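To be precise, the following lines are query.csv, and they hold CSV, C-alpha atoms.
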```
chain,number,residue,atom,x,y,z
A,984,MET,CA,7.4,40.5,12.8
A,985,SER,CA,6.2,37.8,15.2
A,986,MET,CA,8.1,36.8,18.3
A,987,ARG,CA,8.8,33.4,16.7
A,988,ALA,CA,10.5,35.2,13.8
A,989,VAL,CA,12.5,37.4,16.1
A,990,ARG,CA,13.8,34.4,18.1
A,991,ARG,CA,14.7,32.7,14.9
A,992,ALA,CA,16.6,35.8,13.7
A,993,VAL,CA,18.5,36.1,17.0
A,994,ARG,CA,19.3,32.4,17.0
A,995,ARG,CA,20.7,32.5,13.4
A,996,SER,CA,22.7,35.6,14.2
A,997,LEU,CA,24.4,34.0,17.2
A,998,GLN,CA,25.1,30.8,15.2
A,999,SER,CA,26.9,32.9,12.6
A,1000,VAL,CA,29.5,34.4,14.9
A,1001,PRO,CA,32.4,32.8,16.8
A,1002,GLY,CA,31.3,31.5,20.2
A,1003,GLY,CA,27.7,32.1,19.4
A,1004,GLU,CA,26.7,28.5,19.8
A,1005,ALA,CA,28.1,28.4,23.3
A,1006,VAL,CA,26.1,31.6,24.2
A,1007,LEU,CA,23.0,30.1,22.6
A,1008,SER,CA,23.4,26.9,24.6
A,1009,ARG,CA,23.7,28.7,27.9
A,1010,ALA,CA,20.7,30.9,27.0
A,1011,ARG,CA,18.6,27.8,26.3
A,1012,ALA,CA,19.6,26.2,29.6
A,1013,VAL,CA,18.6,29.4,31.5
A,1014,TYR,CA,15.3,29.6,29.5
A,1015,ASP,CA,14.4,26.0,30.1
A,1016,GLY,CA,15.0,26.4,33.8
A,1017,LEU,CA,12.6,29.3,34.2
A,1018,PRO,CA,9.3,28.7,36.0
A,1019,GLY,CA,6.3,27.9,33.8
A,1020,GLU,CA,7.9,25.5,31.4
A,1021,ASP,CA,4.7,23.5,31.0
A,1022,GLY,CA,2.7,26.6,30.1
A,1023,ARG,CA,5.3,27.7,27.6
A,1024,ARG,CA,5.3,24.3,26.0
A,1025,MET,CA,1.6,24.2,25.6
A,1026,ALA,CA,1.5,27.8,24.3
A,1027,TRP,CA,4.0,26.7,21.6
A,1028,ALA,CA,1.9,23.7,20.8
A,1029,ARG,CA,-1.2,25.8,20.3
A,1030,ASP,CA,0.8,28.2,18.1
A,1031,GLU,CA,2.2,25.4,15.9
A,1032,ALA,CA,-1.3,23.7,15.7
A,1033,GLY,CA,-2.7,27.1,14.6
A,1034,ARG,CA,-0.1,27.4,11.9
A,1035,LEU,CA,-0.9,24.0,10.6
A,1036,ARG,CA,-4.7,24.6,10.6
A,1037,ARG,CA,-4.3,27.8,8.7
A,1038,ALA,CA,-2.0,26.1,6.2
A,1039,ILE,CA,-4.7,23.4,5.6
A,1040,ASP,CA,-7.3,26.2,5.1
A,1041,ARG,CA,-5.1,27.7,2.4
A,1042,ASP,CA,-5.4,24.6,0.2
A,1043,LEU,CA,-1.6,24.2,-0.4
A,1044,ASP,CA,-0.1,21.7,-2.8
A,1045,ARG,CA,1.7,19.5,-0.2
A,1046,PHE,CA,2.7,19.2,3.4
A,1047,VAL,CA,6.1,17.8,4.5
A,1048,LEU,CA,6.8,16.2,7.9
A,1049,VAL,CA,10.5,15.4,8.5
A,1050,PHE,CA,11.9,12.7,10.7
A,1051,ASP,CA,15.5,13.7,11.1
A,1052,THR,CA,17.6,10.9,12.5
A,1053,GLU,CA,20.3,13.4,13.5
A,1054,VAL,CA,18.0,15.0,16.2
A,1055,THR,CA,15.1,12.6,16.6
A,1056,GLY,CA,14.8,9.7,19.1
A,1057,LEU,CA,14.9,6.4,17.3
A,1058,GLY,CA,11.9,5.0,19.2
A,1059,TYR,CA,8.6,3.7,18.1
A,1060,GLY,CA,6.8,6.1,20.4
A,1061,ASP,CA,8.5,9.1,18.9
A,1062,LEU,CA,7.6,7.8,15.4
A,1063,LEU,CA,4.0,7.3,16.2
A,1064,HIS,CA,3.6,10.7,17.8
A,1065,MET,CA,4.8,12.2,14.5
A,1066,LEU,CA,2.6,9.8,12.5
A,1067,GLY,CA,-0.5,11.0,14.4
A,1068,VAL,CA,0.1,14.6,13.2
A,1069,ALA,CA,0.6,13.2,9.6
A,1070,ARG,CA,-2.6,11.3,9.8
A,1071,PHE,CA,-4.4,14.5,10.9
A,1072,VAL,CA,-3.3,16.2,7.8
A,1073,VAL,CA,-4.2,13.3,5.6
A,1074,ALA,CA,-7.6,13.2,7.2
A,1075,HIS,CA,-8.2,16.6,5.4
A,1076,ASP,CA,-7.3,14.9,2.0
A,1077,VAL,CA,-4.1,16.9,1.7
A,1078,ARG,CA,-1.0,15.5,0.0
A,1079,THR,CA,1.4,14.6,2.8
A,1080,GLU,CA,5.0,13.5,2.6
A,1081,PHE,CA,6.7,11.8,5.6
A,1082,VAL,CA,10.4,12.2,4.9
A,1083,PHE,CA,13.1,10.3,6.8
A,1084,VAL,CA,16.6,11.9,6.8
A,1085,GLU,CA,19.3,9.3,6.8
A,1086,PRO,CA,22.1,9.5,9.4
A,1087,GLY,CA,25.2,11.5,8.5
A,1088,ALA,CA,28.8,10.3,8.2
A,1089,ASP,CA,29.4,10.6,12.0
A,1090,TRP,CA,26.6,8.2,12.9
A,1091,SER,CA,29.0,5.5,14.0
A,1092,GLY,CA,30.0,7.5,17.0
A,1093,ARG,CA,26.4,7.6,18.4
A,1094,SER,CA,25.1,5.1,20.9
A,1095,ASP,CA,21.5,4.1,20.2
A,1096,ALA,CA,19.4,1.0,20.9
A,1097,ALA,CA,19.2,0.3,17.1
A,1098,SER,CA,22.1,-1.8,16.0
A,1099,ASP,CA,21.2,-1.3,12.3
A,1100,VAL,CA,19.8,2.1,11.6
A,1101,ASP,CA,19.1,1.4,7.9
A,1102,GLU,CA,17.0,-1.6,8.9
A,1103,LEU,CA,15.2,0.4,11.5
A,1104,LEU,CA,14.4,3.2,9.0
A,1105,ASP,CA,13.1,0.6,6.6
A,1106,ASP,CA,10.8,-0.7,9.3
A,1107,PHE,CA,9.7,2.9,10.1
A,1108,ILE,CA,8.9,3.6,6.5
A,1109,GLY,CA,6.9,0.3,6.3
A,1110,ILE,CA,4.8,1.3,9.3
A,1111,VAL,CA,4.1,4.8,8.0
A,1112,SER,CA,3.3,3.6,4.5
A,1113,ALA,CA,0.9,1.0,6.0
A,1114,LEU,CA,-0.9,3.6,8.2
A,1115,LEU,CA,-1.2,6.6,5.8
A,1116,ASP,CA,-3.8,6.7,3.1
A,1117,PRO,CA,-1.7,5.9,-0.1
A,1118,GLU,CA,-4.0,8.2,-2.1
A,1119,VAL,CA,-2.5,11.3,-0.4
A,1120,GLY,CA,0.3,10.2,1.8
A,1121,ARG,CA,3.7,8.6,1.3
A,1122,ALA,CA,6.9,7.9,3.2
A,1123,TRP,CA,10.5,8.0,1.8
A,1124,ARG,CA,14.1,8.6,2.8
A,1125,VAL,CA,16.7,11.2,1.7
A,1126,SER,CA,20.3,11.9,2.5
A,1127,PRO,CA,21.1,15.0,4.7
A,1128,ASP,CA,22.6,16.7,1.6
A,1129,ASP,CA,19.2,16.3,-0.3
A,1130,LEU,CA,17.1,17.6,2.6
A,1131,PRO,CA,17.2,21.3,1.4
A,1132,SER,CA,15.9,20.5,-2.0
A,1133,VAL,CA,13.1,18.4,-0.5
A,1134,LEU,CA,12.0,21.3,1.7
A,1135,GLU,CA,11.9,23.7,-1.2
A,1136,GLY,CA,10.2,21.2,-3.5
A,1137,HIS,CA,7.7,22.4,-6.1
A,1138,GLY,CA,4.5,24.4,-5.7
A,1139,ARG,CA,3.1,25.7,-2.5
A,1140,THR,CA,4.5,23.7,0.4
A,1141,HIS,CA,4.0,23.8,4.2
A,1142,VAL,CA,6.8,22.2,6.3
A,1143,LEU,CA,5.5,21.2,9.7
A,1144,PHE,CA,7.7,22.5,12.5
A,1145,GLU,CA,9.6,24.4,9.9
A,1146,ASP,CA,11.9,26.4,12.2
A,1147,PHE,CA,13.2,23.3,13.8
A,1148,VAL,CA,13.5,21.3,10.6
A,1149,ARG,CA,15.5,23.9,8.8
A,1150,ASP,CA,17.8,24.4,11.7
A,1151,ARG,CA,17.9,20.7,12.4
A,1152,ARG,CA,16.8,21.0,15.9
A,1153,PRO,CA,14.6,18.4,17.7
A,1154,PHE,CA,10.8,18.9,17.9
A,1155,PHE,CA,9.6,15.4,18.4
A,1156,ARG,CA,9.1,16.0,22.1
A,1157,ASP,CA,6.3,18.4,21.4
A,1158,CYS,CA,4.5,16.3,18.7
A,1159,ALA,CA,2.0,14.7,21.1
A,1160,ASN,CA,1.0,18.1,22.6
A,1161,VAL,CA,0.5,19.6,19.1
A,1162,PHE,CA,-1.5,16.5,18.2
A,1163,ASN,CA,-3.7,16.9,21.3
A,1164,VAL,CA,-4.5,20.5,20.4
A,1165,LEU,CA,-5.3,19.7,16.8
A,1166,MET,CA,-7.6,16.8,17.8
A,1167,ALA,CA,-9.4,18.8,20.6
A,1168,GLU,CA,-10.5,21.4,18.1
A,1169,ALA,CA,-11.3,19.1,15.2
A,1170,ASP,CA,-14.8,17.9,14.2
A,1171,GLY,CA,-15.8,14.3,14.8
A,1172,GLY,CA,-15.3,13.2,11.3
A,1173,VAL,CA,-11.6,14.3,11.3
A,1174,VAL,CA,-11.0,12.7,14.7
A,1175,ASP,CA,-12.5,9.4,13.5
A,1176,ARG,CA,-10.4,9.4,10.3
A,1177,THR,CA,-7.2,10.2,12.2
A,1178,LEU,CA,-7.5,7.7,15.0
A,1179,PHE,CA,-6.3,4.1,14.4
A,1180,SER,CA,-9.0,1.5,13.8
A,1181,PRO,CA,-8.8,-2.3,14.0
A,1182,ALA,CA,-9.8,-2.7,10.4
A,1183,GLU,CA,-6.6,-1.0,9.0
A,1184,PHE,CA,-4.4,-3.4,11.0
A,1185,GLU,CA,-6.2,-6.5,10.0
A,1186,PRO,CA,-4.1,-7.1,6.8
A,1187,HIS,CA,-1.0,-7.2,9.1
A,1188,ARG,CA,-2.4,-9.7,11.6
A,1189,PRO,CA,-0.3,-12.9,11.7
A,1190,SER,CA,-2.2,-15.6,9.8
A,1191,GLY,CA,-3.4,-18.6,11.8
A,1192,PHE,CA,-3.1,-16.8,15.1
A,1193,ASP,CA,-6.3,-17.8,16.9
A,1194,ILE,CA,-6.4,-18.1,20.7
A,1195,GLY,CA,-10.0,-17.1,21.2
A,1196,PRO,CA,-11.0,-13.9,22.9
A,1197,TYR,CA,-8.0,-12.2,24.5
A,1198,VAL,CA,-6.6,-9.1,26.2
A,1199,SER,CA,-3.2,-7.8,25.2
A,1200,TRP,CA,-0.5,-6.8,27.6
A,1201,GLN,CA,2.6,-5.1,26.3
A,1202,CYS,CA,5.7,-5.9,28.2
A,1203,ARG,CA,9.1,-4.3,27.6
A,1204,TYR,CA,12.5,-5.8,27.8
A,1205,SER,CA,15.8,-4.4,26.5
A,1206,ARG,CA,18.5,-6.9,25.6
A,1207,LEU,CA,20.9,-4.0,25.7
A,1208,GLY,CA,20.0,-3.1,29.3
A,1209,ILE,CA,18.6,0.3,28.3
A,1210,ASP,CA,16.0,1.9,30.5
A,1211,GLU,CA,15.5,-1.2,32.6
A,1212,GLY,CA,13.1,0.5,34.9
A,1213,ARG,CA,10.4,-0.1,32.2
A,1214,ARG,CA,10.8,-3.8,32.6
A,1215,ALA,CA,8.2,-5.6,34.7
A,1216,THR,CA,9.6,-7.2,37.8
A,1217,SER,CA,8.4,-10.6,38.9
A,1218,ASP,CA,6.1,-9.0,41.5
A,1219,GLU,CA,4.7,-6.6,39.0
A,1220,PHE,CA,4.1,-9.3,36.5
A,1221,ILE,CA,2.2,-11.4,39.0
A,1222,ALA,CA,0.1,-8.4,40.0
A,1223,GLY,CA,-0.7,-7.6,36.4
A,1224,TYR,CA,-1.5,-11.2,35.6
A,1225,GLU,CA,-3.8,-11.7,38.6
A,1226,TYR,CA,-5.6,-8.5,37.9
A,1227,LEU,CA,-6.3,-9.3,34.2
A,1228,GLN,CA,-7.5,-12.8,35.3
A,1229,ARG,CA,-10.0,-11.3,37.7
A,1230,ARG,CA,-11.2,-8.7,35.3
A,1231,PHE,CA,-11.4,-10.9,32.2
A,1232,PRO,CA,-11.9,-14.5,33.5
A,1233,ASP,CA,-13.1,-15.7,30.1
A,1234,HIS,CA,-10.2,-14.2,28.1
A,1235,ARG,CA,-6.7,-15.4,27.4
A,1236,ILE,CA,-3.8,-13.0,28.2
A,1237,LEU,CA,-1.5,-12.2,25.3
A,1238,VAL,CA,1.9,-10.8,26.2
A,1239,VAL,CA,3.1,-8.6,23.3
A,1240,SER,CA,6.8,-7.9,23.0
A,1241,ASP,CA,9.8,-8.3,20.7
A,1242,GLU,CA,11.8,-11.6,20.4
A,1243,SER,CA,14.0,-11.0,23.4
A,1244,GLY,CA,11.1,-9.7,25.5
A,1245,CYS,CA,8.9,-12.8,24.7
A,1246,ARG,CA,11.9,-15.0,25.6
A,1247,HIS,CA,12.4,-13.2,28.9
A,1248,TYR,CA,8.8,-13.2,30.0
A,1249,ARG,CA,8.2,-16.8,28.8
A,1250,ASN,CA,11.0,-17.8,31.1
A,1251,LEU,CA,9.5,-15.7,33.8
A,1252,VAL,CA,6.1,-17.4,33.6
A,1253,GLY,CA,7.8,-20.7,33.7
A,1254,GLU,CA,9.5,-19.8,36.9
A,1255,LEU,CA,6.2,-18.6,38.3
A,1256,ASP,CA,4.4,-21.8,37.2
A,1257,ILE,CA,2.0,-19.9,35.0
A,1258,ASP,CA,0.8,-21.9,32.0
A,1259,ASP,CA,-2.0,-20.0,30.4
A,1260,VAL,CA,-0.3,-16.9,29.0
A,1261,ALA,CA,0.2,-16.6,25.2
A,1262,PHE,CA,3.0,-14.7,23.5
A,1263,SER,CA,3.2,-12.7,20.3
A,1264,LYS,CA,6.4,-14.3,19.2
A,1265,PRO,CA,7.3,-16.2,17.1
A,1266,GLU,CA,4.1,-15.9,15.2
A,1267,SER,CA,4.3,-12.1,14.9
A,1268,PRO,CA,7.3,-11.0,12.8
A,1269,GLY,CA,7.5,-7.4,13.8
A,1270,PHE,CA,6.1,-4.2,15.3
A,1271,LEU,CA,3.3,-3.8,12.8
A,1272,SER,CA,2.0,-7.3,13.3
A,1273,ASP,CA,2.3,-6.9,17.0
A,1274,ALA,CA,0.2,-3.7,16.7
A,1275,ALA,CA,-2.4,-5.7,14.7
A,1276,LEU,CA,-2.6,-8.2,17.6
A,1277,VAL,CA,-3.1,-5.4,20.1
A,1278,MET,CA,-5.9,-3.8,18.0
A,1279,ALA,CA,-7.6,-7.2,17.6
A,1280,SER,CA,-7.8,-7.7,21.3
A,1281,ASP,CA,-10.7,-6.7,23.6
A,1282,PHE,CA,-8.6,-4.7,26.0
A,1283,PHE,CA,-5.0,-3.4,26.3
A,1284,PHE,CA,-2.9,-3.3,29.5
A,1285,TRP,CA,0.3,-1.4,30.0
A,1286,PHE,CA,2.5,-0.9,33.0
A,1287,ARG,CA,5.6,1.3,32.5
A,1288,ALA,CA,6.4,-0.4,29.2
A,1289,GLY,CA,7.3,0.8,25.6
A,1290,GLY,CA,6.1,2.8,22.7
A,1291,MET,CA,3.5,0.2,21.5
A,1292,CYS,CA,1.1,2.0,23.9
A,1293,ILE,CA,0.7,4.9,21.4
A,1294,ILE,CA,-1.3,2.6,19.1
A,1295,PRO,CA,-4.2,2.1,21.5
A,1296,PHE,CA,-3.8,5.6,22.9
A,1297,PHE,CA,-4.5,6.9,19.4
A,1298,SER,CA,-7.6,4.7,19.0
A,1299,ARG,CA,-10.9,3.8,20.6
A,1300,LEU,CA,-9.6,0.5,22.0
A,1301,PRO,CA,-10.4,0.1,25.7
A,1302,TYR,CA,-7.2,0.1,27.8
A,1303,GLU,CA,-5.7,0.6,31.2
A,1304,ALA,CA,-2.3,2.2,31.3
A,1305,LEU,CA,-0.1,3.1,34.2
A,1306,GLY,CA,3.1,5.0,33.6
A,1307,PRO,CA,4.8,8.4,33.5
A,1308,VAL,CA,4.2,10.9,30.8
A,1309,MET,CA,7.4,11.3,28.9
A,1310,ASN,CA,7.5,14.0,26.2
A,1311,GLU,CA,3.7,14.6,26.2
A,1312,MET,CA,1.7,16.4,28.8
A,1313,MET,CA,-1.6,15.3,30.4
A,1314,TRP,CA,-4.5,16.9,28.7
A,1315,ASP,CA,-6.2,17.3,32.1
A,1316,GLU,CA,-6.1,15.7,35.5
A,1317,GLU,CA,-7.7,12.5,34.4
A,1318,ARG,CA,-7.0,12.2,30.6
A,1319,LEU,CA,-3.9,11.9,28.6
A,1320,THR,CA,-5.7,12.8,25.4
A,1321,PRO,CA,-8.8,14.9,24.7
A,1322,TRP,CA,-10.6,12.0,23.0
A,1323,GLN,CA,-10.0,9.6,25.9
A,1324,GLU,CA,-13.2,7.7,26.6
A,1325,PRO,CA,-14.6,6.2,29.9
A,1326,THR,CA,-13.4,2.8,28.6
A,1327,GLN,CA,-9.8,4.1,28.5
A,1328,THR,CA,-7.9,4.7,31.7
A,1329,PHE,CA,-4.5,6.4,32.1
A,1330,ILE,CA,-2.9,6.6,35.6
A,1331,GLU,CA,0.1,8.9,35.7
A,1332,LEU,CA,3.1,7.6,37.7
A,1333,GLU,CA,6.4,9.2,38.5
A,1334,LYS,CA,9.3,8.4,36.2
A,1335,HIS,CA,11.0,5.2,37.4
A,1336,GLN,CA,14.3,7.0,38.0
A,1337,PHE,CA,12.6,8.9,40.9
A,1338,VAL,CA,10.6,6.1,42.5
A,1339,ALA,CA,12.2,4.3,45.5
A,1340,ASP,CA,9.2,2.0,46.2
A,1341,ARG,CA,7.4,0.7,43.1
A,1342,THR,CA,4.9,-1.4,45.3
A,1343,LEU,CA,3.0,1.9,45.7
A,1344,ASP,CA,2.6,1.9,41.9
A,1345,VAL,CA,1.5,-1.7,41.8
A,1346,ALA,CA,-1.2,-1.0,44.3
A,1347,LEU,CA,-2.8,1.4,41.7
A,1348,ILE,CA,-3.3,-1.4,39.2
A,1349,GLY,CA,-7.1,-1.8,38.7
A,1350,SER,CA,-7.8,1.0,41.2
A,1351,ARG,CA,-10.4,2.6,38.9
A,1352,TRP,CA,-12.1,-0.7,38.0
A,1353,ASP,CA,-15.4,-1.3,39.8
A,1354,GLY,CA,-14.8,-5.0,40.4
A,1355,GLN,CA,-17.3,-6.3,37.9
A,1356,PRO,CA,-15.7,-8.9,35.5
A,1357,ASN,CA,-15.7,-8.3,31.7
A,1358,ARG,CA,-16.6,-4.7,32.1
A,1359,PHE,CA,-14.7,-2.3,29.9
A,1360,MET,CA,-16.1,0.9,31.2
A,1361,SER,CA,-13.4,2.2,33.5
A,1362,ASP,CA,-15.9,4.1,35.7
A,1363,GLY,CA,-18.4,1.2,35.8
A,1364,ARG,CA,-21.1,2.9,33.7
A,1365,GLY,CA,-22.7,0.2,31.7
A,1366,ASP,CA,-22.0,-3.5,31.3
A,1367,ARG,CA,-20.1,-4.2,28.0
A,1368,GLY,CA,-19.3,-7.9,27.6
A,1369,VAL,CA,-17.9,-7.2,24.1
A,1370,ARG,CA,-15.7,-4.3,22.9
A,1371,PRO,CA,-17.7,-1.2,22.0
```

Written as structure tokens, how would this file's structure read?
Amino acid sequence: MSMRAVRRAVRRSLQSVPGGEAVLSRARAVYDGLPGEDGRRMAWARDEAGRLRRAIDRDLDRFVLVFDTEVTGLGYGDLLHMLGVARFVVAHDVRTEFVFVEPGADWSGRSDAASDVDELLDDFIGIVSALLDPEVGRAWRVSPDDLPSVLEGHGRTHVLFEDFVRDRRPFFRDCANVFNVLMAEADGGVVDRTLFSPAEFEPHRPSGFDIGPYVSWQCRYSRLGIDEGRRATSDEFIAGYEYLQRRFPDHRILVVSDESGCRHYRNLVGELDIDDVAFSKPESPGFLSDAALVMASDFFFWFRAGGMCIIPFFSRLPYEALGPVMNEMMWDEERLTPWQEPTQTFIELEKHQFVADRTLDVALIGSRWDGQPNRFMSDGRGDRGVRP
């Protein structure tokens, strides 16, 4: 019996006795506080990636990936990390089902950014359906009561992150690490099929949106006041704007955000007397069309913003991103992902909760650019006036 099976047996034994959950909770807290957490997380990611690769080699009938609203963060970044794993499986021409578990009866007591969970799930399903090959992938939703029958299904089935899914425990924080391991060991054809490409977003690009060559800049704003440290301040916005103008003097700057974000930053540029910035709203109706605008740009810029960054991170689009790693871990000292190219720059910052002086972060904007305008190579190798 593997150590994974032993841990699962002990966990279920504790859950079945009075007071066992409290003991299990304390044990988890002690375990998480032990030294070497990053090493344990990466070891688990490699183990889970190995299980998935072996399952693919066994030519099973179907693979099931479960997004359980009871234990999964309702953010686009969390969704896209899971979608990356699903796209990896689909790249092997394996039938893949992306199942969303609807919230239970006690949902009304939770406090989340989504005011309408049903509407958000419909949006999530639309995104997954658009970005999975319909020949072998599909997305749908089930009630919590129907989840067990979905997991059993028919034929030979592999449930990704099975221990966590069956016990209804969160695993979304490790999806990016598992995805990195899978992609690092995959051949070039699988990597290319898995990563997002501009062509697959083109059908979702807002019609009539033509501002000439442009660079995209995702800015985050929460109308609910959640995680306000990811909002660009006036000084940060000016720094980003002036940097992009210097680096891409013949490009427009497109700020990509939701309706409240575009409203906030449109007011800000008015206060700053800036008149040459375009905005994704109102032309772009939602997240998928915003992503299409990002993927149609020549360059993507991101400073402590939101989950839209996963789209270019999981692509070949040139970008510069500055921010903390959240659930994922850096692949190495310079790269967030193993496929990161010289045209793609990620500069790791501390989480905003722990930063007293953000001007030090602002000083890092453009710090790896060689000063030559219209160059996309972050290390200055080669002069690319158009996107590679």

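You can rank A:Leu1227, A:Ala1182, A:Ile1110, A:Ala1288 by their closest distance to A:Asp1210 using all atoms listed in the file, and at the top of that list sits A:Ala1288.
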
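Atom to atom, atom CA of A:Arg1139 and atom CA of A:Gly1033 stand 18.1 Å apart.
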
For stretch 1271-1287 of chain A, work out the shell of residues within 7 Å, counting only C-alpha atoms and skipping chain neighbours fewer than 5 positions away, then give it as a short mmCIF file (atom, residue, chain, number, x, y, z; two decimals) with C-alpha atoms, in the frame of the given file.
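File produced: result.cif:
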```cif
data_model
loop_
_atom_site.label_atom_id
_atom_site.label_comp_id
_atom_site.auth_asym_id
_atom_site.auth_seq_id
_atom_site.Cartn_x
_atom_site.Cartn_y
_atom_site.Cartn_z
CA ILE A 1110 4.80 1.30 9.30
CA PRO A 1181 -8.80 -2.30 14.00
CA PHE A 1184 -4.40 -3.40 11.00
CA GLU A 1185 -6.20 -6.50 10.00
CA HIS A 1187 -1.00 -7.20 9.10
CA ARG A 1188 -2.40 -9.70 11.60
CA PRO A 1189 -0.30 -12.90 11.70
CA TYR A 1197 -8.00 -12.20 24.50
CA VAL A 1198 -6.60 -9.10 26.20
CA SER A 1199 -3.20 -7.80 25.20
CA TRP A 1200 -0.50 -6.80 27.60
CA GLN A 1201 2.60 -5.10 26.30
CA ARG A 1213 10.40 -0.10 32.20
CA VAL A 1239 3.10 -8.60 23.30
CA SER A 1263 3.20 -12.70 20.30
CA ILE A 1294 -1.30 2.60 19.10
CA LEU A 1300 -9.60 0.50 22.00
CA PRO A 1301 -10.40 0.10 25.70
CA TYR A 1302 -7.20 0.10 27.80
CA GLU A 1303 -5.70 0.60 31.20
CA ALA A 1304 -2.30 2.20 31.30
CA LEU A 1305 -0.10 3.10 34.20
CA GLY A 1306 3.10 5.00 33.60
CA ARG A 1370 -15.70 -4.30 22.90
#
```

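Our summary of the geometry notes that atom CA of A:Phe1270 is positioned 17.1 Å from atom CA of A:Ala1122.
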
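The spacing separating atom CA of A:Thr1052 from atom CA of A:His1075 amounts to 27.4 Å.
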
Exercise for review: Find the spatial neighbours of A:Thr1216, counting only C-alpha atoms, within a cut-off of 10 Å - ignore same-chain residues fewer than 4 positions away - and output them as a PyMOL selection string.
Suggested key: chain A and resi 1211-1212+1220-1222+1248+1251+1341

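Closest to A:Phe1192 among A:Gly1058, A:Pro1265, A:Pro1325, A:Pro1127 is A:Pro1265, based on all atoms listed in the file.
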
Check your understanding: Which one of A:Val1100, A:Ile1108, A:Ala1159, A:Val1142 sits closest to A:Met1065 if you count only C-alpha atoms?
Key -> A:Ala1159

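Candidate residues A:Leu1035, A:Ala1074, A:Ala1028, A:Leu1319 were compared for distance to A:Asp1116, and the nearest is A:Ala1074, using only C-alpha atoms.
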
Revision key, fill the gap. Counting all atoms listed in the file, closest pick from A:Trp1352, A:Phe1147, A:Phe1297, A:Phe1262 relative to A:Cys1202 is A:Phe1262

Review point. So which residues touch A:Pro1153 within 10 Å, counting only C-alpha atoms, skipping near sequence neighbours fewer than 6 positions away, as a ChimeraX atom specification?
Key: /A:1050-1056,1144,1147

Check your understanding: Skipping near chain neighbours, those fewer than 6 positions away, what residues fall within 12 Å of A:His1247 using only C-alpha atoms, listed as an NGL selection string?
Key -> :A and (1202-1206 or 1214-1217 or 1220 or 1238-1241 or 1253-1254 or 1262 or 1264)

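Counting all atoms listed in the file and comparing A:Val1252, A:Met1313, A:Val1082, A:Val1133, the residue that lies closest to A:Leu1062 is A:Val1082.
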
Check your understanding: If you count all atoms listed in the file, which residues fall within 12 Å of A:Asp1021, apart from same-chain ones fewer than 3 positions away, as a VMD selection string?
Key -> chain A and resid 1015 to 1018 1024 to 1028 1157 1160 1310 to 1314

Residues within 6 Å of (-4.7, 8.8, 33.1), file coordinates, counting only C-alpha atoms: what are they? Give the list as an mmCIF file with C-alpha atoms, keeping the file's coordinate frame.
```
data_model
loop_
_atom_site.group_PDB
_atom_site.id
_atom_site.type_symbol
_atom_site.label_atom_id
_atom_site.label_comp_id
_atom_site.auth_asym_id
_atom_site.auth_seq_id
_atom_site.Cartn_x
_atom_site.Cartn_y
_atom_site.Cartn_z
ATOM 1 C CA GLU A 1317 -7.700 12.500 34.400
ATOM 2 C CA ARG A 1318 -7.000 12.200 30.600
ATOM 3 C CA LEU A 1319 -3.900 11.900 28.600
ATOM 4 C CA THR A 1328 -7.900 4.700 31.700
ATOM 5 C CA PHE A 1329 -4.500 6.400 32.100
ATOM 6 C CA ILE A 1330 -2.900 6.600 35.600
ATOM 7 C CA GLU A 1331 0.100 8.900 35.700
#
```
